[in-house]
Amino acid sequence: MNKPLSAAALERRRELDLLRTLPELLTHHLEKRADMPIYTQWSAKEKTWKTYSVKETVDRVNVWRHALAAEGLNRGERVAMLLPNCFTAVVFDQAALACALTPVPLHAVDTAGSSSYIMNDSQARVLVTAKKAKWEAIRDTEPHSFLKTVVITDDEVEDHKEDGIRVVGVEAWLAGGAGAELPAGPEPTDLAALVYTSGTTGKPKGVMLTHRALIANINGVLGNLCPNTDDVWLSFLPLSHTFERIASYYLALGCGNLVAFNRNIGLLQEDLRIVRPTIMMSVPRVYEKIYSKIQDRLAQKSPFVKKMFNWAVNVGWR
C-alpha cells in the first residue's frame, strides 16, 4: 500500500509498539475510541448487517471470560473452537486469551475425525461449536477423556451430560458464569494458540505460538502492510489458519479497522460488492476463480465492451 498514513493511523502504530499480549489489541482502544465500529456481520435473524463497537465487543468478551472462569480451568489449559469466521469466534478467542487459556482453532469444514484427533491431542477441556450435529459427529469418532464441556452456539439444546461431558446451550452457559472470579491475565511468554497443520505428511501437529511471537508477527507484517484508519477488511479465509489470524484478525484489530465477515464462500463476490473492502487476505485459487468468471462473462460481450474493459484494467494498473 503506497498511500501515506494519516496522523490517527500513525498514533495507533505507536500504540501497538507498547502492547505485550493479544487481549490488549482490543482493550487498548477502549479509552480513546470506545464507540469505534470494529466488526460487522450478516444477521440471518434480523436480515441485516449488524455492526459492533469496541465497547460492545469488550462487554461481550467479558461475559465469555466469566463463563470460562466458571469452568475452573488452570492457566494454559486448552479450549477448542469449531466455528465459522464470525463475531462469536473473535469473542471466544479474546475471552480465552484474557483468561490465560490456550485457544485451539479447528477448521470449520474439517472432518469429524480430524477435529476429534486435534481435540484429544491438544487435551482440550472445552469445545465451542455452532451446531449440535458437529459435536455429535466428533463424539462418535472416539472417546474424549479430557473434554469437560461442549457449548453449542446456534442450536437449542437441553443442558445435559454425555459420558461425563456437559453439553449446554451458549446462553445458559454464559448465564452460569455470572459472578465468577476472573483469573489473572496472560504473560507474553504464555501460549496464545495451538494451531494445527493440515496433516498432509501424517497426523496434524500443533504449532505452539506465544503472545510474544504473535505480537512480533503483527509488527513484522506492518513493515509491508500499513492500514489506515478508514480501511475495511473482508475476512473469509479460515481463522484456524495462522495467515488469517495474524492479518485479518489480530493486525486489523490492533489497528482499529472495521472487519466484515463473509457470509459464506458462495456469497464472496456479493459480499465484495456490499462491503467494498480495501484489504482482503486471500490465496491464489480464489483470485483465479474470480478472474475466470470475469473472463467467461467478458467473452460474451461485444468487441467495444471488451476494449473498454481492457482499457479500464490498464488504467487501474497504472
# chains A, B, ... in the order shown; residues from 1 in each chain; ligands from 1
$ residues_around --residues "Asp230 of chain A" --least-positions-apart "5" --cutoff "9 Å" --atoms "only C-alpha atoms" --output "ChimeraX atom specification"
/A:257-258,278
$ write_last_selection --atoms "all heavy atoms" --output "PDB file, in the first residue's frame"
ATOM      1  N   ASN A 257      -9.285  -1.300  12.653  1.00  0.00           N
ATOM      2  CA  ASN A 257     -10.020  -1.287  11.386  1.00  0.00           C
ATOM      3  C   ASN A 257     -11.325  -2.061  11.500  1.00  0.00           C
ATOM      4  O   ASN A 257     -11.447  -2.973  12.318  1.00  0.00           O
ATOM      5  CB  ASN A 257      -9.186  -1.917  10.273  1.00  0.00           C
ATOM      6  CG  ASN A 257      -7.955  -1.121   9.927  1.00  0.00           C
ATOM      7  OD1 ASN A 257      -6.894  -1.685   9.701  1.00  0.00           O
ATOM      8  ND2 ASN A 257      -8.057   0.196   9.886  1.00  0.00           N
ATOM      9  N   LEU A 258     -12.275  -1.710  10.663  1.00  0.00           N
ATOM     10  CA  LEU A 258     -13.527  -2.446  10.593  1.00  0.00           C
ATOM     11  C   LEU A 258     -13.298  -3.741   9.818  1.00  0.00           C
ATOM     12  O   LEU A 258     -12.757  -3.722   8.712  1.00  0.00           O
ATOM     13  CB  LEU A 258     -14.601  -1.612   9.906  1.00  0.00           C
ATOM     14  CG  LEU A 258     -15.978  -2.280   9.740  1.00  0.00           C
ATOM     15  CD1 LEU A 258     -16.610  -2.554  11.094  1.00  0.00           C
ATOM     16  CD2 LEU A 258     -16.894  -1.419   8.878  1.00  0.00           C
ATOM     17  N   THR A 278     -11.213  -2.642   1.410  1.00  0.00           N
ATOM     18  CA  THR A 278      -9.979  -2.100   0.850  1.00  0.00           C
ATOM     19  C   THR A 278      -8.813  -3.056   1.071  1.00  0.00           C
ATOM     20  O   THR A 278      -7.780  -2.926   0.418  1.00  0.00           O
ATOM     21  CB  THR A 278      -9.641  -0.739   1.477  1.00  0.00           C
ATOM     22  OG1 THR A 278      -9.586  -0.887   2.914  1.00  0.00           O
ATOM     23  CG2 THR A 278     -10.694   0.298   1.143  1.00  0.00           C
TER      24      THR A 278
END
$ residues_around --residues "Tyr287 of chain A" --least-positions-apart "6" --cutoff "12 Å" --atoms "only C-alpha atoms" --output "ChimeraX atom specification"
/A:268-269,280-281,293-294
$ residues_around --residues "Ala95 of chain A" --least-positions-apart "3" --cutoff "9 Å" --atoms "only C-alpha atoms" --output "count of residues only"
16
$ closest_residue --among "A:Pro284, A:Gly254, A:Pro4, A:Gly169" --to "Asn219 of chain A" --atoms "only C-alpha atoms"
A:Gly254
$ closest_residue --among "A:Pro188, A:Gly266, A:Gly223, A:Pro238" --to "His107 of chain A" --atoms "only C-alpha atoms"
A:Pro238
$ closest_residue --among "A:His241, A:Arg212, A:Arg273, A:Lys203" --to "Leu22 of chain A" --atoms "only C-alpha atoms"
A:Arg212
$ residues_around --residues "Trp135 of chain A" --least-positions-apart "4" --cutoff "12 Å" --atoms "only C-alpha atoms" --output "NGL selection string"
:A and (80-83 or 108 or 111-113 or 115-116 or 119 or 126-131 or 139-142 or 144 or 147 or 149-153 or 155 or 157 or 162 or 165-168)
$ select_by_dssp --residues "segment 93-148 of chain A" --states "strand (DSSP E)" --output "PDB file with C-alpha atoms, in the first residue's frame"
ATOM      1  CA  THR A 102      -4.789 -21.614  25.095  1.00  0.00           C
ATOM      2  CA  PRO A 103      -7.225 -21.479  22.146  1.00  0.00           C
ATOM      3  CA  VAL A 104      -7.200 -24.401  19.710  1.00  0.00           C
ATOM      4  CA  PRO A 105      -8.897 -23.247  16.488  1.00  0.00           C
ATOM      5  CA  VAL A 126     -13.884 -27.056  26.396  1.00  0.00           C
ATOM      6  CA  LEU A 127     -15.324 -27.135  22.873  1.00  0.00           C
ATOM      7  CA  VAL A 128     -17.412 -24.299  21.446  1.00  0.00           C
ATOM      8  CA  THR A 129     -19.218 -25.135  18.212  1.00  0.00           C
TER       9      THR A 129
END
